Every structure is written in C-alpha cells, then in structure tokens.
Amino acid sequence: MINDKTAANEANGIVQRLLTALLNSIVDKGDAGVQAKITIGFVSANAALMIYYGYIGAPLDACFDLTRQAGATLNSMETCRILLTVENPQSVGATIIRDRAIQLCLAQEAKIISSLTFNSRQDVDELITAIQVPFDSAEETAADTMDGMDYMAIISLRASIVNYLVSTARPLPSMLNYQFAKVMPSLVISQKLYGDASRYDQIRNENKIVHPAFCPTQGQALSQ
C-alpha cells in the first residue's frame, strides 16, 4: 500500500511505462494476444488504485505471464527489464515496485529460456554469459535492501537457469573453426565437412554468408 499521493503517482508512472513496453512485446494476433491486451488495458486503467491499496502485484504478474504466452521473446522481455533499470524513483514505494517488476521480468525470461531450442554449445554458453549482468544487478539490489527472501529467490532462479542450460548443452555439438585454401560454395563446404551437402544452410546461417556461392575461406561449423 502506498498512501502518499506523490509516491503513488511516481509508482504509477513506472507501471504505465512498463505496461506500454509489454504491449509492444505482444506478437500473437489471436486469442492469446487479445487476452494479453485486454488484461494490460484493464491493469493500466486501474493501476493507480491498485498501487494505492497495495494489490498491484498479482495483476502485474498476470500481465507479464499473458505477454509471454502471446509470443514475447527473450529480447523483448529483456527490453522491458532494461526500461525498468533506467527508472530512478525517489520514493520507497515506487522503488519497491520497480524492483519487484524487474524480478517479474527475470522470472518470465527464465520461462522463455526453458522453451528455447539450441543448436550448439556455443549458443548456450553465450546465453549463460548474457544473463550474468541482469542477475548480478538484481542480486545486488536485493542485498542492498537487506531483503533476504528476495535475495535467495533470485539466487535460486539463477542457479536453476544455469543448471538447465548446462544440462541442455551437454549433448549438443560444439562449434569448430574451419579454413579452406579457396572460396567455395556452401554446398561444397557442407560436403567436405559433413559428407552431406544438404547441410549447406547451416554453414550459411552460422557464418552469416551473403552469397552461398562465394563463402569466405574461414568460418565456423557444428562439430557433428
């Protein structure tokens, strides 16, 4: 509950900007997208009262969850988190709402990660590296506010994500560097590397090749 009008207005501004970012993250044009938009619209219209009387948490969590179900990507959810990190609330109440919203972002990012398909260990390693800064920041904030329960929850969530990613990466092929003496088509490179010319698209995609008939002499490919 935020009884101070100035603090409540400040918190409402943060929530409204966040809800706009969530709306922009919706991809689905069907029922899931419609439901997410309706819920976000309702919360936006009533956020001021919800904040004042102290029950914004569950409705905001529902907005996050429905946005994810409506196709929000890891990048778009991370955009929402970054938007929140640049907020600089002056009141305690607004600061708490910002910090809780960041935690909701991280929780949704974890759910999105659990649904991703990875092609190589390198993809997994890059994601493990990418989540370090967001979680380091959230852990530091929780530690500074001496909120033991939040701190432990963030650490536990981070550990769960990393353990999941490590387990997922274990059976995946790694990325290897290759080098040929001359420029060749991706079909030929695929045949030489795998004994299978049909994997030329992998070569092109992994190396962002502009023209598949003229591939650079150096690149990366899956080890399997």
# chains A, B, ... in the order shown; residues from 1 in each chain; ligands from 1
$ residues_around --residues "Leu187 in chain A" --least-positions-apart "3" --cutoff "8 Å" --atoms "only C-alpha atoms" --output "list in words"
Ser190, Gln191, Ala197, Ser198, Arg199, Tyr200 and Pro212 of chain A
$ residues_around --residues "Gly57 in chain A" --least-positions-apart "4" --cutoff "12 Å" --atoms "only C-alpha atoms" --output "JSON, numbers by chain"
{"A": [1, 15, 43, 47, 50, 51, 52, 53, 61, 62, 63, 64, 96, 97, 98, 99, 100, 101, 103, 104]}
$ select_by_dssp --residues "range 71-173 of chain A" --states "helix (DSSP H, G or I)" --output "PyMOL selection string"
chain A and resi 74-85+92-113+121-130+132-144+148-169
$ atom_distance --atom1 "CA of Thr95 in chain A" --atom2 "CA of Ala48 in chain A"
15.5 Å
$ residues_around --residues "Ile161 in chain A" --least-positions-apart "5" --cutoff "9 Å" --atoms "only C-alpha atoms" --output "list in words"
Ala110, Ile113, Ser114, Ile128, Ser156 and Val166 of chain A
$ residues_around --residues "Gln220 in chain A" --least-positions-apart "2" --cutoff "12 Å" --atoms "only C-alpha atoms" --output "list in words"
Ser120, Gln122, Ser174, Met175, Leu176, Asn177, Tyr178, Gln179, Phe180, Ile189, Ser190, Leu193, Gln202, Ile203, Arg204, Asn205, Glu206, Asn207, Lys208, Ile209, Cys215, Pro216, Thr217, Gln218, Leu222 and Ser223 of chain A
$ write_last_selection --atoms "N, CA and C atoms" --output "PDB file, in the first residue's frame"
ATOM      1  N   SER A 120      23.803 -25.469 -30.643  1.00  0.00           N
ATOM      2  CA  SER A 120      25.194 -25.746 -30.295  1.00  0.00           C
ATOM      3  C   SER A 120      25.486 -25.309 -28.871  1.00  0.00           C
ATOM      4  N   GLN A 122      27.839 -23.410 -28.063  1.00  0.00           N
ATOM      5  CA  GLN A 122      28.194 -22.006 -28.115  1.00  0.00           C
ATOM      6  C   GLN A 122      26.971 -21.130 -27.853  1.00  0.00           C
ATOM      7  N   SER A 174      29.643 -28.949 -30.328  1.00  0.00           N
ATOM      8  CA  SER A 174      30.321 -27.671 -30.141  1.00  0.00           C
ATOM      9  C   SER A 174      30.612 -27.047 -31.505  1.00  0.00           C
ATOM     10  N   MET A 175      31.033 -25.802 -31.489  1.00  0.00           N
ATOM     11  CA  MET A 175      31.396 -25.115 -32.724  1.00  0.00           C
ATOM     12  C   MET A 175      32.892 -25.250 -32.966  1.00  0.00           C
ATOM     13  N   LEU A 176      33.261 -25.542 -34.201  1.00  0.00           N
ATOM     14  CA  LEU A 176      34.660 -25.668 -34.580  1.00  0.00           C
ATOM     15  C   LEU A 176      34.979 -24.695 -35.703  1.00  0.00           C
ATOM     16  N   ASN A 177      36.216 -24.229 -35.736  1.00  0.00           N
ATOM     17  CA  ASN A 177      36.665 -23.352 -36.814  1.00  0.00           C
ATOM     18  C   ASN A 177      37.152 -24.183 -37.993  1.00  0.00           C
ATOM     19  N   TYR A 178      36.883 -23.717 -39.193  1.00  0.00           N
ATOM     20  CA  TYR A 178      37.413 -24.380 -40.388  1.00  0.00           C
ATOM     21  C   TYR A 178      38.089 -23.352 -41.289  1.00  0.00           C
ATOM     22  N   GLN A 179      38.982 -23.831 -42.147  1.00  0.00           N
ATOM     23  CA  GLN A 179      39.675 -22.959 -43.090  1.00  0.00           C
ATOM     24  C   GLN A 179      40.010 -23.742 -44.352  1.00  0.00           C
ATOM     25  N   PHE A 180      39.670 -23.153 -45.489  1.00  0.00           N
ATOM     26  CA  PHE A 180      39.987 -23.763 -46.780  1.00  0.00           C
ATOM     27  C   PHE A 180      40.907 -22.831 -47.564  1.00  0.00           C
ATOM     28  N   ILE A 189      31.317 -26.863 -49.201  1.00  0.00           N
ATOM     29  CA  ILE A 189      31.834 -26.853 -47.821  1.00  0.00           C
ATOM     30  C   ILE A 189      31.078 -27.862 -46.966  1.00  0.00           C
ATOM     31  N   SER A 190      29.773 -27.898 -47.117  1.00  0.00           N
ATOM     32  CA  SER A 190      28.954 -28.848 -46.366  1.00  0.00           C
ATOM     33  C   SER A 190      29.372 -30.284 -46.675  1.00  0.00           C
ATOM     34  N   LEU A 193      32.819 -30.989 -45.034  1.00  0.00           N
ATOM     35  CA  LEU A 193      32.818 -31.052 -43.570  1.00  0.00           C
ATOM     36  C   LEU A 193      32.037 -32.240 -43.032  1.00  0.00           C
ATOM     37  N   GLN A 202      23.104 -24.639 -42.814  1.00  0.00           N
ATOM     38  CA  GLN A 202      23.755 -24.466 -41.515  1.00  0.00           C
ATOM     39  C   GLN A 202      25.024 -23.630 -41.670  1.00  0.00           C
ATOM     40  N   ILE A 203      25.801 -23.953 -42.706  1.00  0.00           N
ATOM     41  CA  ILE A 203      27.039 -23.210 -42.949  1.00  0.00           C
ATOM     42  C   ILE A 203      26.722 -21.739 -43.193  1.00  0.00           C
ATOM     43  N   ARG A 204      25.723 -21.504 -44.017  1.00  0.00           N
ATOM     44  CA  ARG A 204      25.359 -20.127 -44.359  1.00  0.00           C
ATOM     45  C   ARG A 204      24.852 -19.361 -43.139  1.00  0.00           C
ATOM     46  N   ASN A 205      23.992 -19.977 -42.362  1.00  0.00           N
ATOM     47  CA  ASN A 205      23.401 -19.291 -41.213  1.00  0.00           C
ATOM     48  C   ASN A 205      24.410 -19.037 -40.106  1.00  0.00           C
ATOM     49  N   GLU A 206      25.239 -20.036 -39.819  1.00  0.00           N
ATOM     50  CA  GLU A 206      26.211 -19.883 -38.738  1.00  0.00           C
ATOM     51  C   GLU A 206      27.214 -18.773 -39.030  1.00  0.00           C
ATOM     52  N   ASN A 207      27.522 -18.572 -40.322  1.00  0.00           N
ATOM     53  CA  ASN A 207      28.563 -17.611 -40.688  1.00  0.00           C
ATOM     54  C   ASN A 207      28.009 -16.350 -41.345  1.00  0.00           C
ATOM     55  N   LYS A 208      26.662 -16.248 -41.385  1.00  0.00           N
ATOM     56  CA  LYS A 208      26.011 -15.064 -41.952  1.00  0.00           C
ATOM     57  C   LYS A 208      26.571 -14.738 -43.339  1.00  0.00           C
ATOM     58  N   ILE A 209      26.610 -15.742 -44.176  1.00  0.00           N
ATOM     59  CA  ILE A 209      27.162 -15.624 -45.526  1.00  0.00           C
ATOM     60  C   ILE A 209      26.166 -14.903 -46.432  1.00  0.00           C
ATOM     61  N   CYS A 215      31.550 -18.380 -50.430  1.00  0.00           N
ATOM     62  CA  CYS A 215      31.737 -18.373 -48.982  1.00  0.00           C
ATOM     63  C   CYS A 215      33.169 -18.004 -48.628  1.00  0.00           C
ATOM     64  N   PRO A 216      33.370 -17.261 -47.557  1.00  0.00           N
ATOM     65  CA  PRO A 216      34.732 -16.957 -47.085  1.00  0.00           C
ATOM     66  C   PRO A 216      35.509 -18.245 -46.819  1.00  0.00           C
ATOM     67  N   THR A 217      36.798 -18.143 -46.888  1.00  0.00           N
ATOM     68  CA  THR A 217      37.628 -19.347 -46.697  1.00  0.00           C
ATOM     69  C   THR A 217      37.649 -19.803 -45.253  1.00  0.00           C
ATOM     70  N   GLN A 218      37.303 -18.920 -44.308  1.00  0.00           N
ATOM     71  CA  GLN A 218      37.298 -19.280 -42.899  1.00  0.00           C
ATOM     72  C   GLN A 218      35.885 -19.143 -42.332  1.00  0.00           C
ATOM     73  N   LEU A 222      29.249 -26.698 -36.896  1.00  0.00           N
ATOM     74  CA  LEU A 222      28.998 -27.648 -35.813  1.00  0.00           C
ATOM     75  C   LEU A 222      29.938 -28.830 -35.918  1.00  0.00           C
ATOM     76  N   SER A 223      30.342 -29.363 -34.784  1.00  0.00           N
ATOM     77  CA  SER A 223      31.280 -30.482 -34.803  1.00  0.00           C
ATOM     78  C   SER A 223      30.633 -31.791 -35.207  1.00  0.00           C
TER      79      SER A 223
END
$ closest_residue --among "A:Leu18, A:Ile56, A:Cys80, A:Leu49" --to "Leu106 in chain A" --atoms "only C-alpha atoms"
A:Cys80
$ atom_distance --atom1 "CA of Gly41 in chain A" --atom2 "CA of Pro59 in chain A"
11.1 Å
$ closest_residue --among "A:Pro134, A:Val183, A:Asp125, A:Ala107" --to "Ser160 in chain A" --atoms "only C-alpha atoms"
A:Ala107
$ select_by_dssp --residues "range 70-192 of chain A" --states "strand (DSSP E)" --output "number ranges by chain"
A: 175-179
$ write_last_selection --atoms "C-alpha atoms" --output "CSV table (one decimal), in the first residue's frame"
chain,number,residue,atom,x,y,z
A,175,MET,CA,31.4,-25.1,-32.7
A,176,LEU,CA,34.7,-25.7,-34.6
A,177,ASN,CA,36.7,-23.4,-36.8
A,178,TYR,CA,37.4,-24.4,-40.4
A,179,GLN,CA,39.7,-23.0,-43.1
$ closest_residue --among "A:Arg68, A:Ile2, A:Asn46, A:Ile155" --to "Gln16 in chain A" --atoms "only C-alpha atoms"
A:Asn46
